[in-house]
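Shown next: target-v3.cif, containing mmCIF, C-alpha atoms.
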data_work
loop_
_atom_site.label_atom_id
_atom_site.label_comp_id
_atom_site.auth_asym_id
_atom_site.auth_seq_id
_atom_site.Cartn_x
_atom_site.Cartn_y
_atom_site.Cartn_z
CA MET A 17 -28.80 100.40 53.33
CA ARG A 18 -30.88 97.31 52.96
CA THR A 19 -30.75 97.71 49.22
CA LYS A 20 -26.95 97.79 49.22
CA SER A 21 -26.67 94.66 51.35
CA MET A 22 -29.13 92.81 49.13
CA GLY A 23 -27.12 93.87 46.09
CA ARG A 24 -23.93 92.60 47.63
CA SER A 25 -25.64 89.30 48.42
CA LEU A 26 -26.84 88.91 44.86
CA VAL A 27 -23.37 89.68 43.54
CA ALA A 28 -21.86 87.12 45.88
CA LEU A 29 -24.36 84.50 44.84
CA GLY A 30 -23.72 85.21 41.14
CA ALA A 31 -20.00 84.94 41.62
CA GLY A 32 -20.42 81.64 43.41
CA ALA A 33 -22.56 80.31 40.61
CA VAL A 34 -19.96 81.34 38.05
CA LEU A 35 -17.20 79.80 40.11
CA THR A 36 -19.20 76.59 40.50
CA ALA A 37 -19.94 76.35 36.80
CA THR A 38 -16.30 77.00 36.00
CA ALA A 39 -15.19 74.23 38.38
CA GLY A 40 -17.52 71.76 36.72
CA CYS A 41 -19.53 70.87 39.83
CA THR A 42 -23.28 70.97 40.42
CA ALA A 43 -24.43 73.48 43.02
CA GLN A 44 -27.37 72.53 45.19
CA PRO A 45 -28.80 75.03 47.74
CA VAL A 46 -29.26 73.68 51.24
CA ASP A 47 -32.98 74.21 51.04
CA ALA A 48 -33.42 73.21 47.44
CA GLY A 49 -36.63 71.59 46.41
CA GLY A 50 -39.25 74.23 46.99
CA GLY A 51 -38.33 75.79 50.34
CA ASP A 52 -40.34 73.28 52.39
CA GLY A 53 -37.44 72.70 54.74
CA LYS A 54 -37.01 69.11 53.81
CA HIS A 55 -33.51 67.79 53.00
CA ARG A 56 -32.88 66.87 49.40
CA SER A 57 -30.00 64.76 48.23
CA PRO A 58 -27.49 66.49 46.03
CA VAL A 59 -28.03 66.03 42.32
CA ARG A 60 -25.68 63.41 40.85
CA ILE A 61 -24.54 63.65 37.29
CA GLU A 62 -23.97 60.27 35.73
CA VAL A 63 -21.35 60.35 33.00
CA PRO A 64 -22.15 57.53 30.59
CA HIS A 65 -19.23 55.28 29.88
CA SER A 66 -18.72 52.08 27.97
CA PRO A 67 -17.07 48.98 29.27
CA SER A 68 -13.68 48.17 27.85
CA GLY A 69 -14.00 47.28 24.20
CA ALA A 70 -17.65 48.32 23.97
CA GLY A 71 -18.69 50.73 21.29
CA THR A 72 -16.19 49.35 18.80
CA PRO A 73 -17.12 46.86 16.07
CA SER A 74 -16.79 43.28 17.30
CA ALA A 75 -13.87 41.40 15.83
CA ALA A 76 -14.79 39.02 13.00
CA PRO A 77 -14.54 35.34 13.95
CA ALA A 78 -11.28 33.73 12.94
CA PRO A 79 -11.64 31.91 9.61
CA LYS A 80 -11.86 28.14 9.88
CA ALA A 81 -8.59 26.54 8.95
CA PRO A 82 -8.86 24.52 5.72
CA ALA A 83 -8.58 20.75 5.99
CA SER A 84 -5.01 19.57 5.76
CA VAL A 85 -4.22 18.10 2.32
CA LEU A 86 -2.30 14.83 2.50
CA TRP A 87 -1.80 14.25 -1.23
CA ALA A 88 -2.66 16.16 -4.38
CA ARG A 89 -1.89 16.03 -8.10
CA GLY A 90 1.84 15.94 -8.76
CA ASP A 91 2.76 14.21 -5.49
CA THR A 92 4.74 10.97 -5.51
CA GLY A 93 5.80 8.32 -3.02
CA PRO A 94 4.64 5.26 -1.07
CA GLY A 95 1.64 7.10 0.40
CA VAL A 96 0.30 7.83 -3.07
CA ARG A 97 0.90 4.20 -4.05
CA GLU A 98 -1.16 3.00 -1.06
CA LEU A 99 -3.91 5.51 -1.92
CA GLN A 100 -4.07 4.13 -5.47
CA ALA A 101 -4.14 0.53 -4.25
CA ARG A 102 -7.08 1.32 -1.96
CA LEU A 103 -8.92 3.17 -4.73
CA ARG A 104 -8.52 0.04 -6.88
CA GLN A 105 -10.11 -2.05 -4.12
CA VAL A 106 -13.31 0.04 -4.28
CA ALA A 107 -13.26 0.15 -8.11
CA TRP A 108 -12.61 3.87 -8.47
CA LEU A 109 -9.21 3.35 -10.14
CA PHE A 110 -8.23 0.71 -12.68
CA ASP A 111 -4.64 1.71 -13.50
CA GLY A 112 -1.52 1.48 -11.39
CA PRO A 113 -0.59 1.77 -8.63
CA THR A 114 2.19 3.91 -10.01
CA GLY A 115 3.13 6.00 -6.97
CA THR A 116 2.45 9.23 -8.91
CA TYR A 117 -0.69 11.31 -8.25
CA ASP A 118 -1.80 11.84 -11.85
CA ASP A 119 -5.04 12.96 -13.54
CA LEU A 120 -6.54 9.47 -13.29
CA THR A 121 -5.97 9.43 -9.55
CA GLU A 122 -7.41 12.93 -9.18
CA ASN A 123 -10.58 11.93 -11.05
CA ALA A 124 -10.90 8.75 -8.98
CA VAL A 125 -10.65 10.78 -5.75
CA LYS A 126 -13.30 13.24 -6.99
CA GLY A 127 -15.63 10.37 -7.77
CA PHE A 128 -15.09 8.78 -4.37
CA GLN A 129 -15.62 12.09 -2.57
CA GLY A 130 -18.82 12.90 -4.45
CA LYS A 131 -20.29 9.47 -3.74
CA ARG A 132 -19.65 9.93 0.01
CA GLY A 133 -20.92 13.50 0.25
CA LEU A 134 -17.46 14.99 0.67
CA PRO A 135 -16.26 18.14 -1.13
CA ARG A 136 -15.16 17.11 -4.66
CA THR A 137 -11.71 18.69 -4.50
CA GLY A 138 -9.74 15.88 -6.09
CA GLU A 139 -7.26 16.27 -3.22
CA VAL A 140 -7.00 13.80 -0.36
CA ASP A 141 -7.56 15.41 3.04
CA SER A 142 -7.84 13.61 6.37
CA ALA A 143 -11.63 13.14 6.07
CA THR A 144 -11.33 11.53 2.63
CA TRP A 145 -8.44 9.33 3.72
CA GLN A 146 -10.18 8.10 6.86
CA ARG A 147 -13.34 7.25 4.93
CA LEU A 148 -11.34 5.32 2.32
CA ARG A 149 -9.36 3.45 4.98
CA LYS A 150 -12.57 2.28 6.69
CA MET A 151 -13.82 0.82 3.42
CA THR A 152 -10.63 -1.02 2.42
CA HIS A 153 -7.94 -3.35 3.78
CA GLU A 154 -4.21 -2.82 4.14
CA PRO A 155 -2.73 -3.47 0.66
CA GLY A 156 -0.24 -6.31 0.38
CA ARG A 157 3.12 -5.93 -1.34
CA TRP A 158 1.90 -7.14 -4.72
CA GLU A 159 -1.21 -4.98 -4.54
CA LEU A 160 1.07 -1.98 -4.07
CA TYR A 161 3.24 -3.11 -6.99
CA LEU A 162 0.53 -4.78 -9.07
CA MET A 163 1.80 -3.15 -12.24
CA GLY A 164 5.51 -3.15 -11.37
CA GLY A 165 7.71 -0.35 -10.10
CA GLN A 166 9.15 -2.30 -7.16
CA PRO A 167 12.85 -1.94 -6.29
CA ALA A 168 15.14 -4.67 -7.57
CA ALA A 169 16.74 -7.16 -5.21
CA ALA A 170 20.50 -7.24 -4.74
CA PRO A 171 22.24 -9.12 -7.59
CA ASP A 172 23.15 -12.76 -7.11
CA PRO A 173 26.95 -13.23 -6.89
CA ARG A 174 26.79 -15.19 -10.16
CA CYS A 175 25.63 -12.01 -11.89
CA MET A 176 28.72 -9.96 -11.10
CA THR A 177 30.85 -10.93 -14.08
CA GLY A 178 30.17 -10.84 -17.82
CA ARG A 179 26.95 -10.01 -19.63
CA VAL A 180 24.03 -11.27 -17.54
CA LEU A 181 20.25 -11.22 -17.36
CA CYS A 182 20.02 -11.30 -13.55
CA ILE A 183 16.45 -12.35 -12.64
CA SER A 184 15.20 -12.30 -9.03
CA LYS A 185 12.06 -14.24 -8.12
CA THR A 186 11.97 -12.52 -4.72
CA SER A 187 11.65 -8.97 -6.03
CA ARG A 188 10.20 -10.03 -9.42
CA THR A 189 12.74 -7.95 -11.28
CA LEU A 190 15.28 -8.34 -14.05
CA ARG A 191 18.62 -6.53 -14.05
CA TRP A 192 20.58 -6.31 -17.28
CA MET A 193 24.18 -6.26 -16.06
CA ILE A 194 27.56 -5.94 -17.72
CA ASP A 195 30.67 -6.67 -15.62
CA GLY A 196 28.84 -6.01 -12.35
CA ARG A 197 27.21 -2.76 -13.52
CA THR A 198 23.43 -2.53 -13.81
CA VAL A 199 22.46 -1.12 -17.21
CA SER A 200 18.67 -1.32 -16.78
CA THR A 201 16.01 -2.89 -14.57
CA MET A 202 12.41 -3.92 -15.23
CA ALA A 203 9.54 -5.73 -13.54
CA VAL A 204 8.98 -9.35 -14.59
CA ARG A 205 6.39 -12.07 -14.01
CA PHE A 206 6.95 -15.82 -13.76
CA GLY A 207 5.15 -19.10 -14.35
CA SER A 208 2.28 -20.29 -12.19
CA GLN A 209 2.39 -23.06 -9.60
CA TYR A 210 1.90 -25.76 -12.23
CA THR A 211 4.19 -24.26 -14.87
CA PRO A 212 7.03 -22.74 -12.82
CA THR A 213 9.96 -20.83 -14.26
CA ARG A 214 13.15 -22.84 -13.86
CA GLU A 215 15.90 -21.57 -11.58
CA GLY A 216 19.63 -21.78 -12.19
CA VAL A 217 22.27 -20.54 -14.63
CA PHE A 218 21.47 -20.63 -18.34
CA SER A 219 22.44 -18.82 -21.54
CA ILE A 220 20.53 -17.23 -24.39
CA TYR A 221 20.48 -19.72 -27.27
CA TRP A 222 17.92 -18.11 -29.62
CA LYS A 223 16.31 -14.72 -30.21
CA SER A 224 13.01 -14.27 -32.09
CA ARG A 225 11.63 -10.74 -32.53
CA HIS A 226 8.09 -11.67 -33.66
CA HIS A 227 7.73 -15.07 -32.06
CA VAL A 228 4.38 -16.85 -31.60
CA SER A 229 4.09 -19.84 -29.27
CA THR A 230 3.25 -23.02 -31.16
CA LEU A 231 2.13 -24.67 -27.91
CA TYR A 232 -0.25 -21.94 -26.68
CA ASP A 233 -0.78 -20.00 -29.94
CA ALA A 234 0.13 -16.80 -28.09
CA PRO A 235 2.36 -13.94 -29.24
CA MET A 236 5.81 -13.71 -27.57
CA PRO A 237 7.40 -10.51 -28.96
CA TYR A 238 11.11 -9.93 -28.30
CA ALA A 239 11.58 -13.56 -27.20
CA MET A 240 15.01 -14.53 -25.86
CA PHE A 241 15.07 -18.27 -25.15
CA PHE A 242 17.26 -19.60 -22.35
CA SER A 243 15.86 -23.03 -21.22
CA GLY A 244 13.78 -25.34 -23.41
CA GLY A 245 10.68 -23.37 -24.40
CA GLN A 246 11.14 -20.79 -21.64
CA ALA A 247 12.13 -17.30 -22.71
CA VAL A 248 12.25 -13.71 -21.58
CA HIS A 249 9.64 -11.86 -23.67
CA PHE A 250 7.07 -9.06 -23.75
CA SER A 251 3.59 -9.99 -22.48
CA TYR A 252 0.40 -8.15 -23.45
CA ASP A 253 -1.41 -9.85 -20.57
CA PHE A 254 1.18 -8.70 -18.03
CA ALA A 255 0.95 -5.16 -19.44
CA ALA A 256 -2.84 -5.22 -19.01
CA ARG A 257 -3.37 -7.18 -15.76
CA GLY A 258 -0.07 -7.03 -13.93
CA TYR A 259 0.54 -9.68 -11.29
CA ALA A 260 -3.11 -10.72 -11.38
CA GLY A 261 -2.03 -13.32 -13.94
CA GLY A 262 0.98 -15.53 -14.65
CA SER A 263 2.95 -17.13 -17.49
CA HIS A 264 3.36 -20.74 -18.61
CA GLY A 265 6.96 -20.71 -17.41
CA CYS A 266 8.42 -17.79 -19.34
CA VAL A 267 9.76 -14.60 -17.83
CA ASN A 268 7.24 -11.92 -18.83
CA VAL A 269 8.09 -8.21 -19.20
CA ARG A 270 5.30 -5.59 -19.29
CA ASP A 271 7.32 -2.56 -20.44
CA GLU A 272 7.55 -2.90 -24.22
CA THR A 273 9.97 0.00 -24.63
CA ALA A 274 12.32 -1.47 -22.04
CA ILE A 275 12.38 -4.98 -23.51
CA ALA A 276 12.78 -3.63 -27.04
CA ALA A 277 15.96 -1.89 -25.88
CA LEU A 278 17.07 -5.02 -24.02
CA PHE A 279 16.44 -7.23 -27.07
CA SER A 280 18.69 -5.02 -29.18
CA GLN A 281 21.56 -5.31 -26.66
CA VAL A 282 21.45 -8.97 -25.62
CA ARG A 283 23.52 -11.41 -27.66
CA THR A 284 23.24 -15.12 -28.16
CA GLY A 285 25.41 -16.74 -25.51
CA ASP A 286 24.80 -14.09 -22.81
CA LYS A 287 24.24 -15.58 -19.35
CA VAL A 288 20.86 -15.84 -17.58
CA VAL A 289 20.66 -16.30 -13.80
CA VAL A 290 17.26 -17.04 -12.23
CA TYR A 291 17.34 -17.09 -8.42
CA TRP A 292 15.40 -16.40 -5.22
#
Encoding of this model in structure tokens:
Amino acid sequence: MRTKSMGRSLVALGAGAVLTATAGCTAQPVDAGGGDGKHRSPVRIEVPHSPSGAGTPSAAPAPKAPASVLWARGDTGPGVRELQARLRQVAWLFDGPTGTYDDLTENAVKGFQGKRGLPRTGEVDSATWQRLRKMTHEPGRWELYLMGGQPAAAPDPRCMTGRVLCISKTSRTLRWMIDGRTVSTMAVRFGSQYTPTREGVFSIYWKSRHHVSTLYDAPMPYAMFFSGGQAVHFSYDFAARGYAGGSHGCVNVRDETAIAALFSQVRTGDKVVVYW
């Protein structure tokens, strides 16, 4: 009988082990650990787990945003004109200002950047602009318009009738006007302090296409005389140096194409108004 009871006990124990394994738990006999009667703590099964996000590749750092470009080739406007005027101050640009970001401006910016250890992009970002500003002064009006390009002043009332060369000393511009309508405008330069251009109302009394001054032995192409020896004419010096120079009293024009067209349209007897 003892054998039967031992068999039943073994069967019961086996069933319990199967049940325990099926349930996913760890069975630990009360007297586990060698039968010495000492209490042993149940075995704990540690299930390894990763903290949230662990075990996955770390996200790549966000790319650094490129420096903001203020001006680049092809841009136009007053900001570009100021940039060019400042580049002239530090002798990296010798033309203009024109207000147009052209290849000459791009090359000047590259040169400036390379000299200061900045990336030679040829584009003006905030770092380039701040460095240039620290090295230069705020350009004055005639630094910004050294080579012309400034807007023309409003016409004098005396210019509103007939055929008129309407010349403003304030804006340093000439308007060619017919019956109150502006046909063309161009930048002009006047006499110096000691040889000023006369102001008032005059008329064209002589035109000379290939004129040379007998007083100064200087060429005066497309000369249109309006007061004594003073004339409106093309000036090579004005074309080369802009407002850095001055005339001996004449009204200089630096755009040869513009004055050639004007010379072909103006007639002897047309009015000339020089005003502030």
Residues in the PyMOL selection byres ((chain A and resi 260) around 10), expressed as a list in words: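 Checked against the file, the PyMOL selection byres ((chain A and resi 260) around 10) matches Trp158, Glu159, Leu162, Met163, Arg205, Asp253, Phe254, Ala256, Arg257, Gly258, Tyr259, Gly261 and Gly262 of chain A.
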Residue subset to file, keeping C-alpha atoms, as a CSV table (one decimal), keeping the file's coordinate frame:
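Below you can see out16.csv, which holds the result:
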chain,number,residue,atom,x,y,z
A,158,TRP,CA,1.9,-7.1,-4.7
A,159,GLU,CA,-1.2,-5.0,-4.5
A,162,LEU,CA,0.5,-4.8,-9.1
A,163,MET,CA,1.8,-3.2,-12.2
A,205,ARG,CA,6.4,-12.1,-14.0
A,253,ASP,CA,-1.4,-9.8,-20.6
A,254,PHE,CA,1.2,-8.7,-18.0
A,256,ALA,CA,-2.8,-5.2,-19.0
A,257,ARG,CA,-3.4,-7.2,-15.8
A,258,GLY,CA,-0.1,-7.0,-13.9
A,259,TYR,CA,0.5,-9.7,-11.3
A,261,GLY,CA,-2.0,-13.3,-13.9
A,262,GLY,CA,1.0,-15.5,-14.6
Can you turn the PyMOL selection byres ((chain A and resi 96-109) around 8) into a concrete residue list for this file, as a list in words?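 Checked against the file, the PyMOL selection byres ((chain A and resi 96-109) around 8) matches Trp87, Asp91, Thr92, Gly93, Pro94, Gly95, Phe110, Asp111, Gly112, Pro113, Thr114, Gly115, Thr116, Tyr117, Leu120, Thr121, Ala124, Val125, Gly127, Phe128, Leu148, Arg149, Met151, Thr152, His153, Glu154, Pro155, Glu159 and Leu160 of chain A.
If you look at atom CA of Asp172 of chain A and atom CA of Ser219 of chain A, they are 15.7 Å away from each other.
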Find, counting only C-alpha atoms, the residue in A:Asn268, A:Ser229, A:Thr198, A:Thr211 that gets nearest to Cys175 of chain A. A:Thr198
From the set A:Ser243, A:Ser200, A:Gln146, A:Ser187, which residue has the shortest atom-to-atom contact distance to Arg214 of chain A, counting all atoms listed in the file? A:Ser243
To one decimal in Å, tell me the separation between atom CA of Gly90 of chain A and atom CA of Met202 of chain A. 23.4 Å
Residues near segment 236-242 of chain A, anyone? I mean within 6 Å using all atoms listed in the file, not counting same-chain ones fewer than 3 positions away, as a VMD selection string. chain A and resid 218 to 228 246 to 250
In Å to one decimal, how far is atom CA of Val217 of chain A from atom CA of Ala276 of chain A? 23.0 Å
Considering all atoms listed in the file, can you say which of A:Asp271, A:His264, A:Thr137, A:Gln166 comes closest to Gln209 of chain A? A:His264
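Candidate residues A:Thr177, A:Phe206, A:Arg147, A:Asp233 were compared for distance to Ile194 of chain A, and the nearest is A:Thr177, using only C-alpha atoms.
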Compare A:Arg132, A:Lys126, A:Arg179, A:Arg191 by their minimum atom-to-atom distance to Pro167 of chain A, counting all atoms listed in the file, and give me the closest one.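 That would be A:Arg191, the residue with the smallest distance to Pro167 of chain A.
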Please put the answer as AutoDock Vina command-line options: centre and edge lengths, in Å with one decimal, of a box along x, y and z that encloses all listed atoms of segment 233-251 of chain A plus 6 Å on each side.
--center_x 8.2 --center_y -17.2 --center_z -25.6 --size_x 30.0 --size_y 28.3 --size_z 20.7
What lies within 7 Å of Ser184 of chain A using only C-alpha atoms, ignoring chain neighbours under 2 positions off, as a ChimeraX atom specification? /A:169,182,186-190,290-292
Which polymer residues have any atom within 8 Å of an atom of Gly207 of chain A, counting all atoms listed in the file, with same-chain residues fewer than 5 positions away left out, as a ChimeraX atom specification? /A:212-213,262-267
Please list as a ChimeraX atom specification every residue within 9 Å of Ala83 of chain A, counting only C-alpha atoms and excluding residues in the same chain fewer than 6 positions away. /A:141-143
Restricting the calculation to all atoms listed in the file: of A:Ala277, A:Val85, A:Ala255, A:Val269, which residue gets closest to Ile183 of chain A? A:Val269
Quick one: segment 123-134 of chain A with all heavy atoms, as a PDB file, in the coordinates of the input?
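Result went into result28.pdb, see below:
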ATOM      1  N   ASN A 123      -9.193  12.185 -10.674  1.00  0.00           N
ATOM      2  CA  ASN A 123     -10.580  11.930 -11.050  1.00  0.00           C
ATOM      3  C   ASN A 123     -11.202  10.836 -10.181  1.00  0.00           C
ATOM      4  O   ASN A 123     -12.390  10.911  -9.830  1.00  0.00           O
ATOM      5  CB  ASN A 123     -10.671  11.542 -12.522  1.00  0.00           C
ATOM      6  CG  ASN A 123     -10.380  12.714 -13.443  1.00  0.00           C
ATOM      7  OD1 ASN A 123     -10.567  13.867 -13.074  1.00  0.00           O
ATOM      8  ND2 ASN A 123      -9.893  12.431 -14.640  1.00  0.00           N
ATOM      9  N   ALA A 124     -10.400   9.824  -9.845  1.00  0.00           N
ATOM     10  CA  ALA A 124     -10.900   8.750  -8.980  1.00  0.00           C
ATOM     11  C   ALA A 124     -11.238   9.299  -7.589  1.00  0.00           C
ATOM     12  O   ALA A 124     -12.263   8.937  -6.998  1.00  0.00           O
ATOM     13  CB  ALA A 124      -9.864   7.642  -8.867  1.00  0.00           C
ATOM     14  N   VAL A 125     -10.400  10.183  -7.066  1.00  0.00           N
ATOM     15  CA  VAL A 125     -10.650  10.780  -5.750  1.00  0.00           C
ATOM     16  C   VAL A 125     -11.906  11.643  -5.791  1.00  0.00           C
ATOM     17  O   VAL A 125     -12.739  11.598  -4.878  1.00  0.00           O
ATOM     18  CB  VAL A 125      -9.427  11.613  -5.293  1.00  0.00           C
ATOM     19  CG1 VAL A 125      -9.760  12.449  -4.057  1.00  0.00           C
ATOM     20  CG2 VAL A 125      -8.243  10.699  -4.991  1.00  0.00           C
ATOM     21  N   LYS A 126     -12.090  12.421  -6.861  1.00  0.00           N
ATOM     22  CA  LYS A 126     -13.300  13.240  -6.990  1.00  0.00           C
ATOM     23  C   LYS A 126     -14.555  12.364  -6.986  1.00  0.00           C
ATOM     24  O   LYS A 126     -15.554  12.692  -6.345  1.00  0.00           O
ATOM     25  CB  LYS A 126     -13.248  14.054  -8.283  1.00  0.00           C
ATOM     26  CG  LYS A 126     -12.342  15.270  -8.229  1.00  0.00           C
ATOM     27  CD  LYS A 126     -12.419  16.037  -9.552  1.00  0.00           C
ATOM     28  CE  LYS A 126     -11.518  17.268  -9.523  1.00  0.00           C
ATOM     29  NZ  LYS A 126     -11.577  17.999 -10.812  1.00  0.00           N
ATOM     30  N   GLY A 127     -14.498  11.265  -7.725  1.00  0.00           N
ATOM     31  CA  GLY A 127     -15.630  10.370  -7.770  1.00  0.00           C
ATOM     32  C   GLY A 127     -15.944   9.774  -6.407  1.00  0.00           C
ATOM     33  O   GLY A 127     -17.106   9.712  -5.990  1.00  0.00           O
ATOM     34  N   PHE A 128     -14.909   9.346  -5.711  1.00  0.00           N
ATOM     35  CA  PHE A 128     -15.090   8.780  -4.370  1.00  0.00           C
ATOM     36  C   PHE A 128     -15.663   9.815  -3.414  1.00  0.00           C
ATOM     37  O   PHE A 128     -16.586   9.523  -2.640  1.00  0.00           O
ATOM     38  CB  PHE A 128     -13.739   8.259  -3.854  1.00  0.00           C
ATOM     39  CG  PHE A 128     -13.795   7.711  -2.452  1.00  0.00           C
ATOM     40  CD1 PHE A 128     -14.217   6.409  -2.222  1.00  0.00           C
ATOM     41  CD2 PHE A 128     -13.443   8.502  -1.368  1.00  0.00           C
ATOM     42  CE1 PHE A 128     -14.279   5.900  -0.923  1.00  0.00           C
ATOM     43  CE2 PHE A 128     -13.503   8.006  -0.077  1.00  0.00           C
ATOM     44  CZ  PHE A 128     -13.926   6.702   0.135  1.00  0.00           C
ATOM     45  N   GLN A 129     -15.135  11.031  -3.460  1.00  0.00           N
ATOM     46  CA  GLN A 129     -15.620  12.090  -2.570  1.00  0.00           C
ATOM     47  C   GLN A 129     -17.082  12.427  -2.841  1.00  0.00           C
ATOM     48  O   GLN A 129     -17.881  12.558  -1.914  1.00  0.00           O
ATOM     49  CB  GLN A 129     -14.752  13.343  -2.742  1.00  0.00           C
ATOM     50  CG  GLN A 129     -13.349  13.208  -2.195  1.00  0.00           C
ATOM     51  CD  GLN A 129     -12.445  14.375  -2.574  1.00  0.00           C
ATOM     52  OE1 GLN A 129     -12.592  14.956  -3.652  1.00  0.00           O
ATOM     53  NE2 GLN A 129     -11.508  14.713  -1.711  1.00  0.00           N
ATOM     54  N   GLY A 130     -17.449  12.566  -4.115  1.00  0.00           N
ATOM     55  CA  GLY A 130     -18.820  12.900  -4.450  1.00  0.00           C
ATOM     56  C   GLY A 130     -19.803  11.838  -4.006  1.00  0.00           C
ATOM     57  O   GLY A 130     -20.898  12.143  -3.524  1.00  0.00           O
ATOM     58  N   LYS A 131     -19.426  10.574  -4.129  1.00  0.00           N
ATOM     59  CA  LYS A 131     -20.290   9.470  -3.740  1.00  0.00           C
ATOM     60  C   LYS A 131     -20.529   9.451  -2.238  1.00  0.00           C
ATOM     61  O   LYS A 131     -21.590   9.018  -1.765  1.00  0.00           O
ATOM     62  CB  LYS A 131     -19.641   8.146  -4.184  1.00  0.00           C
ATOM     63  CG  LYS A 131     -20.505   6.917  -3.970  1.00  0.00           C
ATOM     64  CD  LYS A 131     -21.649   6.860  -4.943  1.00  0.00           C
ATOM     65  CE  LYS A 131     -22.387   5.526  -4.854  1.00  0.00           C
ATOM     66  NZ  LYS A 131     -23.517   5.471  -5.794  1.00  0.00           N
ATOM     67  N   ARG A 132     -19.552   9.940  -1.465  1.00  0.00           N
ATOM     68  CA  ARG A 132     -19.650   9.930   0.010  1.00  0.00           C
ATOM     69  C   ARG A 132     -20.067  11.265   0.586  1.00  0.00           C
ATOM     70  O   ARG A 132     -19.994  11.494   1.791  1.00  0.00           O
ATOM     71  CB  ARG A 132     -18.303   9.519   0.608  1.00  0.00           C
ATOM     72  CG  ARG A 132     -18.195   8.014   0.806  1.00  0.00           C
ATOM     73  CD  ARG A 132     -17.900   7.324  -0.503  1.00  0.00           C
ATOM     74  NE  ARG A 132     -18.246   5.904  -0.474  1.00  0.00           N
ATOM     75  CZ  ARG A 132     -18.209   5.111  -1.549  1.00  0.00           C
ATOM     76  NH1 ARG A 132     -17.842   5.610  -2.707  1.00  0.00           N
ATOM     77  NH2 ARG A 132     -18.549   3.847  -1.446  1.00  0.00           N
ATOM     78  N   GLY A 133     -20.469  12.206  -0.246  1.00  0.00           N
ATOM     79  CA  GLY A 133     -20.920  13.500   0.250  1.00  0.00           C
ATOM     80  C   GLY A 133     -19.817  14.396   0.750  1.00  0.00           C
ATOM     81  O   GLY A 133     -20.063  15.332   1.514  1.00  0.00           O
ATOM     82  N   LEU A 134     -18.601  14.159   0.303  1.00  0.00           N
ATOM     83  CA  LEU A 134     -17.460  14.990   0.670  1.00  0.00           C
ATOM     84  C   LEU A 134     -17.212  16.018  -0.427  1.00  0.00           C
ATOM     85  O   LEU A 134     -17.592  15.808  -1.579  1.00  0.00           O
ATOM     86  CB  LEU A 134     -16.216  14.117   0.864  1.00  0.00           C
ATOM     87  CG  LEU A 134     -16.298  13.050   1.962  1.00  0.00           C
ATOM     88  CD1 LEU A 134     -15.141  12.065   1.847  1.00  0.00           C
ATOM     89  CD2 LEU A 134     -16.304  13.695   3.341  1.00  0.00           C
TER      90      LEU A 134
END
